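The file run.txt comes next; it holds compact mmCIF, C-alpha atoms.
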# COMPACT_ATOMS: atom_id res chain seq x y z
CA MET A 225 -127.60 -60.30 1.71
CA ASP A 226 -126.77 -58.26 -1.37
CA PHE A 227 -123.53 -58.70 -3.30
CA PRO A 228 -122.03 -55.98 -5.53
CA ARG A 229 -123.57 -56.22 -8.99
CA THR A 230 -123.07 -55.22 -12.60
CA MET A 231 -125.28 -55.04 -15.69
CA VAL A 232 -124.82 -57.49 -18.56
CA GLY A 233 -127.10 -57.35 -21.58
CA GLY A 234 -129.77 -55.61 -19.53
CA VAL A 235 -129.61 -58.21 -16.74
CA SER A 236 -128.29 -57.50 -13.24
CA LEU A 237 -125.59 -60.03 -12.31
CA PRO A 238 -123.54 -60.37 -9.11
CA ARG A 239 -119.84 -59.66 -9.55
CA MET A 240 -119.19 -63.13 -8.14
CA ILE A 241 -120.57 -66.13 -10.05
CA ALA A 242 -120.71 -69.68 -8.76
CA GLY A 243 -118.60 -72.01 -10.86
CA CYS A 244 -119.18 -75.72 -11.27
CA ASN A 245 -115.85 -77.40 -12.07
CA TRP A 246 -115.41 -78.57 -8.47
CA ILE A 247 -118.96 -79.88 -8.56
CA SER A 248 -118.92 -81.59 -11.95
CA GLY A 249 -115.60 -83.37 -11.43
CA PHE A 250 -113.24 -81.16 -13.44
CA SER A 251 -110.57 -80.50 -10.80
CA HIS A 252 -107.69 -79.59 -13.14
CA ARG A 253 -105.57 -81.39 -10.54
CA GLY A 254 -105.63 -85.10 -11.39
CA PRO A 255 -107.74 -88.27 -11.48
CA ALA A 256 -107.72 -88.64 -7.69
CA GLN A 257 -109.29 -85.21 -7.15
CA ASP A 258 -111.76 -85.81 -9.98
CA GLU A 259 -112.83 -89.07 -8.34
CA MET A 260 -113.11 -87.42 -4.93
CA ILE A 261 -115.45 -84.79 -6.36
CA MET A 262 -117.63 -87.33 -8.14
CA LYS A 263 -117.94 -89.51 -5.02
CA HIS A 264 -118.94 -86.58 -2.84
CA HIS A 265 -121.27 -84.98 -5.39
CA SER A 266 -122.94 -88.12 -6.70
CA GLY A 267 -126.34 -86.42 -6.87
CA PRO A 268 -127.98 -82.98 -6.81
CA GLU A 269 -128.60 -82.83 -3.05
CA SER A 270 -125.04 -82.01 -1.96
CA VAL A 271 -124.63 -79.57 -4.83
CA SER A 272 -127.84 -77.77 -3.88
CA GLU A 273 -126.31 -76.99 -0.47
CA ILE A 274 -123.52 -75.08 -2.21
CA PHE A 275 -125.96 -73.17 -4.39
CA THR A 276 -128.08 -72.42 -1.31
CA SER A 277 -125.06 -70.89 0.41
CA PHE A 278 -124.34 -68.69 -2.60
CA LEU A 279 -127.98 -67.61 -2.95
CA ASN A 280 -128.19 -66.68 0.73
CA ASN A 281 -125.18 -64.42 0.22
CA GLY A 282 -126.57 -62.59 -2.80
CA VAL A 283 -124.63 -64.61 -5.39
CA ASP A 284 -127.57 -65.61 -7.54
CA ALA A 285 -125.82 -66.71 -10.74
CA CYS A 286 -124.01 -69.90 -11.70
CA LEU A 287 -121.93 -70.86 -14.72
CA GLY A 288 -121.50 -74.45 -15.84
CA LEU A 289 -121.88 -77.18 -18.42
CA PHE A 290 -125.51 -77.96 -17.68
CA GLY A 291 -125.79 -80.26 -20.69
CA THR A 292 -122.80 -82.32 -19.55
CA ASP A 293 -123.60 -82.52 -15.82
CA GLU A 294 -127.32 -83.22 -15.65
CA ASP A 295 -127.39 -82.95 -11.84
CA LEU A 296 -126.66 -79.23 -11.99
CA ILE A 297 -130.12 -78.08 -13.02
CA ASP A 298 -131.79 -80.28 -10.38
CA ALA A 299 -129.41 -78.82 -7.78
CA VAL A 300 -130.35 -75.29 -8.86
CA HIS A 301 -134.06 -76.07 -8.52
CA LEU A 302 -133.56 -77.58 -5.06
CA ALA A 303 -131.64 -74.50 -3.91
CA GLU A 304 -134.33 -72.21 -5.32
CA GLN A 305 -136.98 -74.14 -3.38
CA LYS A 306 -134.97 -73.92 -0.14
CA THR A 307 -134.29 -70.19 -0.41
CA GLY A 308 -137.23 -68.86 -2.38
CA LYS A 309 -134.70 -67.10 -4.61
CA LYS A 310 -134.07 -67.40 -8.34
CA MET A 311 -130.71 -68.50 -9.74
CA ILE A 312 -129.55 -66.94 -13.01
CA ILE A 313 -128.16 -69.70 -15.22
CA LEU A 314 -125.23 -69.16 -17.57
CA ASP A 315 -125.03 -72.31 -19.68
CA GLU A 316 -122.01 -73.42 -21.72
CA PRO A 317 -123.15 -75.83 -24.43
CA VAL A 318 -120.76 -77.91 -26.49
CA LEU A 319 -121.70 -77.30 -30.14
CA ASN A 320 -120.92 -79.22 -33.29
CA VAL A 321 -119.56 -76.37 -35.42
CA ASP A 322 -118.83 -78.38 -38.56
CA ASP A 323 -119.88 -76.55 -41.71
CA ASN A 324 -122.72 -78.76 -42.92
CA PRO A 325 -126.52 -78.84 -42.51
CA ILE A 326 -126.58 -81.76 -40.07
CA ALA A 327 -124.04 -80.13 -37.76
CA ARG A 328 -125.97 -76.85 -37.77
CA MET A 329 -129.16 -78.72 -36.86
CA GLN A 330 -127.33 -80.42 -33.99
CA ALA A 331 -125.93 -77.09 -32.77
CA GLN A 332 -129.35 -75.48 -32.88
CA ALA A 333 -130.82 -78.41 -30.93
CA GLU A 334 -128.18 -78.01 -28.20
CA ILE A 335 -128.88 -74.30 -27.98
CA LYS A 336 -132.62 -74.94 -27.63
CA LYS A 337 -131.88 -77.35 -24.79
CA CYS A 338 -130.16 -74.51 -22.94
CA ALA A 339 -133.33 -72.44 -23.22
CA GLN A 340 -135.45 -75.38 -22.08
CA ARG A 341 -133.26 -75.70 -18.98
CA GLY A 342 -134.05 -72.08 -18.17
CA ALA A 343 -130.74 -70.47 -19.08
CA THR A 344 -130.68 -66.68 -19.28
CA PHE A 345 -127.24 -66.61 -20.92
CA CYS A 346 -125.87 -69.04 -23.47
CA LEU A 347 -122.09 -69.05 -23.94
CA PRO A 348 -120.85 -71.75 -26.34
CA LEU A 349 -117.87 -73.54 -24.82
CA HIS A 350 -114.40 -72.35 -25.80
CA SER A 351 -113.56 -75.69 -27.44
CA SER A 352 -116.35 -75.05 -29.93
CA VAL A 353 -115.83 -71.33 -30.47
CA GLU A 354 -112.08 -71.53 -30.98
CA GLN A 355 -112.47 -73.98 -33.87
CA LEU A 356 -113.96 -71.08 -35.82
CA LEU A 357 -111.30 -68.49 -35.06
CA CYS A 358 -109.09 -67.33 -37.93
CA LYS A 359 -106.07 -65.24 -36.99
CA ASN A 360 -105.36 -64.44 -40.64
CA THR A 361 -108.64 -62.62 -41.17
CA ARG A 362 -109.07 -61.65 -37.50
CA SER A 363 -112.56 -63.10 -37.51
CA ILE A 364 -114.61 -65.94 -36.03
CA ASN A 365 -116.10 -67.76 -39.00
CA ARG A 366 -119.86 -68.34 -39.01
CA LEU A 367 -120.17 -67.13 -35.41
CA PRO A 368 -123.12 -64.83 -36.26
CA ASP A 369 -125.14 -67.92 -37.24
CA TYR A 370 -124.83 -69.41 -33.76
CA LEU A 371 -125.40 -66.10 -32.03
CA ALA A 372 -128.62 -65.68 -33.99
CA MET A 373 -129.70 -69.16 -32.87
CA ILE A 374 -129.16 -68.09 -29.26
CA ARG A 375 -131.20 -64.90 -29.71
CA ASP A 376 -133.96 -66.80 -31.49
CA ALA A 377 -134.12 -69.21 -28.55
CA GLY A 378 -134.74 -66.26 -26.21
CA MET A 379 -131.34 -66.14 -24.51
CA ILE A 380 -128.54 -63.60 -24.24
CA PRO A 381 -125.41 -64.61 -26.20
CA GLY A 382 -121.92 -64.68 -24.75
CA LEU A 383 -118.64 -66.37 -25.64
CA SER A 384 -116.41 -68.67 -23.64
CA ALA A 385 -112.74 -68.01 -24.36
CA HIS A 386 -109.37 -69.40 -23.43
CA MET A 387 -107.79 -67.56 -26.36
CA PRO A 388 -107.79 -63.78 -25.78
CA GLU A 389 -108.27 -63.33 -29.53
CA VAL A 390 -111.87 -64.48 -29.14
CA ILE A 391 -112.64 -61.29 -27.23
CA GLN A 392 -110.55 -59.12 -29.51
CA TYR A 393 -112.05 -60.40 -32.77
CA ALA A 394 -115.61 -60.41 -31.44
CA ASP A 395 -115.25 -56.74 -30.52
CA LEU A 396 -113.45 -55.90 -33.76
CA ASN A 397 -116.26 -57.39 -35.86
CA GLU A 398 -119.03 -56.15 -33.55
CA TYR A 399 -120.56 -59.59 -33.16
CA ASP A 400 -123.80 -59.79 -31.16
CA VAL A 401 -122.17 -60.76 -27.85
CA GLU A 402 -122.98 -59.30 -24.42
CA THR A 403 -120.26 -60.87 -22.26
CA TYR A 404 -117.11 -62.95 -22.40
CA ILE A 405 -115.49 -65.66 -20.30
CA GLN A 406 -111.71 -65.36 -19.97
CA ILE A 407 -109.16 -67.31 -17.89
CA TYR A 408 -107.39 -64.91 -15.54
CA ASN A 409 -105.41 -65.62 -12.39
CA CYS A 410 -102.27 -64.48 -10.58
CA MET A 411 -100.34 -67.63 -11.54
CA GLY A 412 -101.04 -67.53 -15.26
CA PHE A 413 -102.55 -71.02 -14.95
CA LEU A 414 -103.93 -72.24 -18.32
CA MET A 415 -103.56 -68.73 -19.75
CA GLN A 416 -102.26 -68.73 -23.32
CA VAL A 417 -100.28 -65.50 -23.02
CA GLU A 418 -98.77 -63.61 -20.10
CA ILE A 419 -100.93 -62.04 -17.42
CA GLU A 420 -100.02 -58.49 -18.46
CA SER A 421 -101.42 -59.08 -21.96
CA VAL A 422 -104.63 -60.75 -20.80
CA ILE A 423 -105.49 -57.91 -18.43
CA LYS A 424 -105.13 -55.46 -21.33
CA THR A 425 -107.59 -57.55 -23.33
CA ILE A 426 -110.02 -57.52 -20.41
CA HIS A 427 -109.73 -53.77 -19.87
CA ASN A 428 -110.16 -53.07 -23.59
CA ALA A 429 -113.19 -55.36 -23.96
CA LYS A 430 -116.35 -53.59 -25.07
CA LYS A 431 -118.55 -55.79 -22.87
CA PRO A 432 -118.22 -57.05 -19.27
CA VAL A 433 -115.86 -60.00 -18.81
CA ILE A 434 -116.35 -63.03 -16.57
CA THR A 435 -112.92 -64.08 -15.33
CA ILE A 436 -112.51 -67.75 -14.41
CA LYS A 437 -110.07 -69.91 -12.43
CA PRO A 438 -109.09 -67.11 -10.01
CA CYS A 439 -107.39 -69.59 -7.66
CA ALA A 440 -105.68 -71.51 -10.47
CA ALA A 441 -107.60 -74.68 -9.57
CA GLY A 442 -106.40 -74.63 -5.98
CA ARG A 443 -102.82 -73.64 -6.70
CA THR A 444 -103.26 -70.44 -4.72
CA THR A 445 -105.59 -69.44 -1.89
CA PRO A 446 -108.90 -67.57 -2.27
CA PHE A 447 -107.43 -64.61 -0.34
CA VAL A 448 -104.62 -64.24 -2.86
CA GLY A 449 -106.59 -65.20 -5.95
CA LEU A 450 -109.65 -63.05 -5.30
CA ASN A 451 -107.69 -60.02 -4.15
CA PHE A 452 -105.61 -60.17 -7.31
CA ALA A 453 -108.66 -60.56 -9.54
CA TYR A 454 -110.94 -57.92 -8.05
CA ASN A 455 -108.19 -55.35 -7.70
CA THR A 456 -107.07 -55.60 -11.32
CA ILE A 457 -110.29 -56.10 -13.32
CA ARG A 458 -112.81 -53.33 -14.01
CA PRO A 459 -115.89 -52.53 -11.86
CA GLN A 460 -118.18 -54.03 -14.52
CA ASP A 461 -116.30 -57.34 -14.68
CA MET A 462 -117.00 -60.51 -12.70
CA VAL A 463 -115.16 -63.41 -11.09
CA CYS A 464 -116.41 -66.98 -11.35
CA ILE A 465 -115.15 -69.30 -8.62
CA GLY A 466 -115.87 -72.93 -7.83
CA CYS A 467 -115.86 -74.65 -4.47
CA PHE A 468 -116.29 -78.10 -2.95
CA ASN A 469 -118.79 -77.49 -0.14
CA PRO A 470 -121.03 -74.78 1.42
CA ALA A 471 -118.39 -73.72 3.95
CA GLU A 472 -115.97 -72.92 1.14
CA ALA A 473 -118.70 -70.94 -0.59
CA GLU A 474 -119.19 -68.83 2.56
CA GLU A 475 -115.45 -68.19 2.82
CA ASP A 476 -115.14 -67.29 -0.86
CA VAL A 477 -117.97 -64.78 -0.60
CA GLU A 478 -116.32 -63.09 2.40
CA TYR A 479 -112.91 -63.02 0.70
CA ALA A 480 -114.55 -61.45 -2.35
CA ARG A 481 -116.48 -58.84 -0.37
CA ALA A 482 -113.33 -57.89 1.50
CA ALA A 483 -111.35 -57.61 -1.72
CA ILE A 484 -113.95 -55.32 -3.29
CA GLU A 485 -114.24 -53.25 -0.11
CA ARG A 486 -110.43 -53.21 0.35
CA ARG A 487 -110.48 -54.55 3.91
CA LEU A 488 -109.29 -57.62 5.77
CA PRO A 489 -111.64 -60.62 5.47
CA GLU A 490 -113.41 -61.77 8.61
CA VAL A 491 -112.57 -65.48 8.55
CA ARG A 492 -111.09 -67.87 11.08
CA PRO A 493 -107.34 -68.51 10.81
CA ARG A 494 -106.25 -71.82 9.36
CA SER A 495 -105.73 -74.61 11.86
CA SER A 496 -102.21 -75.19 13.16
CA PRO A 497 -101.05 -77.36 16.10
CA PHE A 498 -98.63 -74.63 17.20
CA ALA A 499 -100.03 -71.33 15.93
CA SER A 500 -97.39 -68.67 16.54
CA GLU A 501 -98.01 -64.95 16.81
CA ALA A 502 -96.63 -64.57 13.31
CA ILE A 503 -99.15 -67.06 11.93
CA LEU A 504 -102.06 -65.52 13.81
CA GLY A 505 -100.97 -62.01 12.85
CA ILE A 506 -101.70 -60.69 16.36
CA VAL A 507 -100.03 -60.39 19.74
CA ASP A 508 -102.25 -61.28 22.71
CA ARG A 509 -102.01 -58.91 25.68
If you convert what's in this file into structure tokens, what do you get?
Amino acid sequence: MDFPRTMVGGVSLPRMIAGCNWISGFSHRGPAQDEMIMKHHSGPESVSEIFTSFLNNGVDACLGLFGTDEDLIDAVHLAEQKTGKKMIILDEPVLNVDDNPIARMQAQAEIKKCAQRGATFCLPLHSSVEQLLCKNTRSINRLPDYLAMIRDAGMIPGLSAHMPEVIQYADLNEYDVETYIQIYNCMGFLMQVEIESVIKTIHNAKKPVITIKPCAAGRTTPFVGLNFAYNTIRPQDMVCIGCFNPAEAEEDVEYARAAIERRLPEVRPRSSPFASEAILGIVDR
């Protein structure tokens, strides 16, 4: 099945991207949830089932910390073998951005590892990028050096951002960036400024934006989170969402399709021991 798509740096990407936090153990909920994730996804096999579900629904791109969670790339390859389809990898490396020759060599080595893993896009993690940001000069110091490393390694450069200024300053200085990652959800979870300001940054961005954490790490439902995201971002922008198992992936895809098509999603109602007419939303005749 096809999923609505957009163009980023000359590459066709689905407007939904598979996220990996709820695969790699980053629940943003607490140690118990982190441990639950790690116990369930202790190897690439279970993760490959999630990627298989996404690929079968036309969502052929995933975003994650492939250098931190080494099972991710094996899971991608297993899913590709099962489906005969290619997954587009958006890798987020953690770079040493200290201003010295050894640190630059280490950063370049990490970037080359992304290329070796088969990444199409390389988006240095926000914790690295934001160390370089200077609000006084409205610039991101030495960023062009790392972007050049990404181009030289044969990948398309992007930037991971929690701070909206990353997008603003990258556009202002016309840095060689093709896409951005930005936290955006209806609850303002982990967002550094109010929702109304972040959506202005997204709409003013010169390149397509990948919005992340649409369900605020489980603090709202996919129906609410995805409807809010898709109905407020631009047609060229994307939503990255993580899930725990293949069934959740199927549901998320349907919620997203319905949000884009402005219709009700075709999913089963949640279980309830005494489902009233109000809960079901229908009156049986």
* **region 367-375 of chain A surroundings by all atoms listed in the file, 10 Å radius, close-in-sequence under 5 positions cut, as a ChimeraX atom specification** => /A:319,321,328,331-333,335-336,338-339,345-348,353,356-357,380-383,394,398-401
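Between CA of Gly412 (chain A) and CA of Arg362 (chain A) there is a distance of 24.4 Å.
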Please list as a PDB file with C-alpha atoms, in the coordinates of the input every residue within 9 Å of region 312-316 of chain A, counting all atoms listed in the file and excluding residues in the same chain fewer than 5 positions away.
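Okay, this is what ended up in part_38.pdb:
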ATOM      1  CA  LEU A 237    -125.590 -60.030 -12.310  1.00  0.00           C
ATOM      2  CA  ASP A 284    -127.570 -65.610  -7.540  1.00  0.00           C
ATOM      3  CA  ALA A 285    -125.820 -66.710 -10.740  1.00  0.00           C
ATOM      4  CA  CYS A 286    -124.010 -69.900 -11.700  1.00  0.00           C
ATOM      5  CA  LEU A 287    -121.930 -70.860 -14.720  1.00  0.00           C
ATOM      6  CA  GLY A 288    -121.500 -74.450 -15.840  1.00  0.00           C
ATOM      7  CA  LEU A 289    -121.880 -77.180 -18.420  1.00  0.00           C
ATOM      8  CA  PHE A 290    -125.510 -77.960 -17.680  1.00  0.00           C
ATOM      9  CA  GLY A 291    -125.790 -80.260 -20.690  1.00  0.00           C
ATOM     10  CA  ILE A 297    -130.120 -78.080 -13.020  1.00  0.00           C
ATOM     11  CA  VAL A 300    -130.350 -75.290  -8.860  1.00  0.00           C
ATOM     12  CA  CYS A 338    -130.160 -74.510 -22.940  1.00  0.00           C
ATOM     13  CA  ARG A 341    -133.260 -75.700 -18.980  1.00  0.00           C
ATOM     14  CA  GLY A 342    -134.050 -72.080 -18.170  1.00  0.00           C
ATOM     15  CA  ALA A 343    -130.740 -70.470 -19.080  1.00  0.00           C
ATOM     16  CA  THR A 344    -130.680 -66.680 -19.280  1.00  0.00           C
ATOM     17  CA  PHE A 345    -127.240 -66.610 -20.920  1.00  0.00           C
ATOM     18  CA  CYS A 346    -125.870 -69.040 -23.470  1.00  0.00           C
ATOM     19  CA  LEU A 347    -122.090 -69.050 -23.940  1.00  0.00           C
ATOM     20  CA  PRO A 348    -120.850 -71.750 -26.340  1.00  0.00           C
ATOM     21  CA  LEU A 349    -117.870 -73.540 -24.820  1.00  0.00           C
ATOM     22  CA  HIS A 350    -114.400 -72.350 -25.800  1.00  0.00           C
ATOM     23  CA  LEU A 383    -118.640 -66.370 -25.640  1.00  0.00           C
ATOM     24  CA  SER A 384    -116.410 -68.670 -23.640  1.00  0.00           C
TER      25      SER A 384
END
* **From A:Ala327, A:Val271, A:Ile405, A:Ala242, residue lying nearest Leu296 (chain A) [only C-alpha atoms]** =>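 Of A:Ala327, A:Val271, A:Ile405, A:Ala242, the one nearest Leu296 (chain A), counting only C-alpha atoms, is A:Val271.
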* Asked: Distance CA of Ser266 (chain A)-CA of Ala303 (chain A), one decimal place?
  -> 16.4 Å
* Residues within 6 Å of (-113.0, -75.0, -11.5), file coords, all atoms listed in the file, listed as a list in words ->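 Output of the proximity query reads Asn245, Trp246, Lys437, Ala441 and Gly466 of chain A.
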Kindly export the residues of the current selection with C-alpha atoms, as a compact mmCIF listing (two decimals), keeping the file's coordinate frame.
# COMPACT_ATOMS: atom_id res chain seq x y z
CA ASN A 245 -115.85 -77.40 -12.07
CA TRP A 246 -115.41 -78.57 -8.47
CA LYS A 437 -110.07 -69.91 -12.43
CA ALA A 441 -107.60 -74.68 -9.57
CA GLY A 466 -115.87 -72.93 -7.83
Pick out the residues sitting within 10 Å of Pro432 (chain A), and hand them over as a JSON list (two decimals) with C-alpha atoms, in the frame of the given file; count all atoms listed in the file, and ignore anything fewer than 3 positions along from it in its own chain.
[["chain", "number", "residue", "atom", "x", "y", "z"],
["A", 230, "THR", "CA", -123.07, -55.22, -12.60],
["A", 231, "MET", "CA", -125.28, -55.04, -15.69],
["A", 232, "VAL", "CA", -124.82, -57.49, -18.56],
["A", 233, "GLY", "CA", -127.10, -57.35, -21.58],
["A", 402, "GLU", "CA", -122.98, -59.30, -24.42],
["A", 403, "THR", "CA", -120.26, -60.87, -22.26],
["A", 404, "TYR", "CA", -117.11, -62.95, -22.40],
["A", 405, "ILE", "CA", -115.49, -65.66, -20.30],
["A", 426, "ILE", "CA", -110.02, -57.52, -20.41],
["A", 427, "HIS", "CA", -109.73, -53.77, -19.87],
["A", 428, "ASN", "CA", -110.16, -53.07, -23.59],
["A", 429, "ALA", "CA", -113.19, -55.36, -23.96],
["A", 435, "THR", "CA", -112.92, -64.08, -15.33],
["A", 457, "ILE", "CA", -110.29, -56.10, -13.32],
["A", 458, "ARG", "CA", -112.81, -53.33, -14.01],
["A", 459, "PRO", "CA", -115.89, -52.53, -11.86],
["A", 460, "GLN", "CA", -118.18, -54.03, -14.52],
["A", 461, "ASP", "CA", -116.30, -57.34, -14.68],
["A", 462, "MET", "CA", -117.00, -60.51, -12.70]]
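In this model, the gap between CA of Cys467 (chain A) and CA of Lys263 (chain A) comes to 15.0 Å.
Minimum atom-to-atom distance to Val477 (chain A), evaluated using all atoms listed in the file, belongs to A:Asn451 out of A:Asn451, A:Thr307, A:Ser236, A:Asn360.
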Enclose region 282-296 of chain A, meaning all of its atoms listed in the file, in a box aligned along x, y and z, pad it by 6 Å on each side, and list the centre and edge lengths in Å to one decimal, as JSON.
{"center_x": -124.5, "center_y": -72.9, "center_z": -11.7, "size_x": 18.1, "size_y": 32.6, "size_z": 29.9}
* **Of the listed residues A:Val422, A:Ile465, A:Leu279, A:Met411, that which approaches Leu302 (chain A) most closely, counting only C-alpha atoms** =>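 Nearest to Leu302 (chain A): A:Leu279.
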* Structure fact -> Nearest to Phe452 (chain A), restricted to only C-alpha atoms and choosing among A:Cys410, A:Glu273, A:Pro388, A:Glu259, comes out as A:Cys410
* To do: Go through A:Val463, A:Ile364, A:Ile423, A:Val235 one by one, measure the shortest atom-to-atom distance of each to Leu450 (chain A) using all atoms listed in the file, and give the residue with the smallest value.
  =>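 Closest residue, counting all atoms listed in the file: A:Val463.
If you count all atoms listed in the file and ignore residues fewer than 2 places along the chain from Arg486 (chain A), what sits within 12 Å of it is A:Phe447, A:Leu450, A:Asn451, A:Phe452, A:Tyr454, A:Asn455, A:Glu478, A:Tyr479, A:Ala480, A:Arg481, A:Ala482, A:Ala483, A:Ile484, A:Leu488, A:Pro489.
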* To do: Point out the residue among A:Cys358, A:Ala473, A:Val318, A:Ile436 with the least atom-to-atom distance to Val390 (chain A), counting only C-alpha atoms.
  => A:Cys358
Would you pick out the contacts of Ser270 (chain A) at 12 Å or less, using only C-alpha atoms, so that residues sharing its chain but fewer than 6 positions from it are not included, and give the list as a compact mmCIF listing (two decimals) with C-alpha atoms, keeping the file's coordinate frame?
# COMPACT_ATOMS: atom_id res chain seq x y z
CA ILE A 247 -118.96 -79.88 -8.56
CA SER A 248 -118.92 -81.59 -11.95
CA ILE A 261 -115.45 -84.79 -6.36
CA MET A 262 -117.63 -87.33 -8.14
CA LYS A 263 -117.94 -89.51 -5.02
CA HIS A 264 -118.94 -86.58 -2.84
CA THR A 276 -128.08 -72.42 -1.31
CA SER A 277 -125.06 -70.89 0.41
CA ASP A 295 -127.39 -82.95 -11.84
CA LEU A 296 -126.66 -79.23 -11.99
CA ASP A 298 -131.79 -80.28 -10.38
CA ALA A 299 -129.41 -78.82 -7.78
CA VAL A 300 -130.35 -75.29 -8.86
CA LEU A 302 -133.56 -77.58 -5.06
CA ALA A 303 -131.64 -74.50 -3.91
CA PHE A 468 -116.29 -78.10 -2.95
CA ASN A 469 -118.79 -77.49 -0.14
CA PRO A 470 -121.03 -74.78 1.42
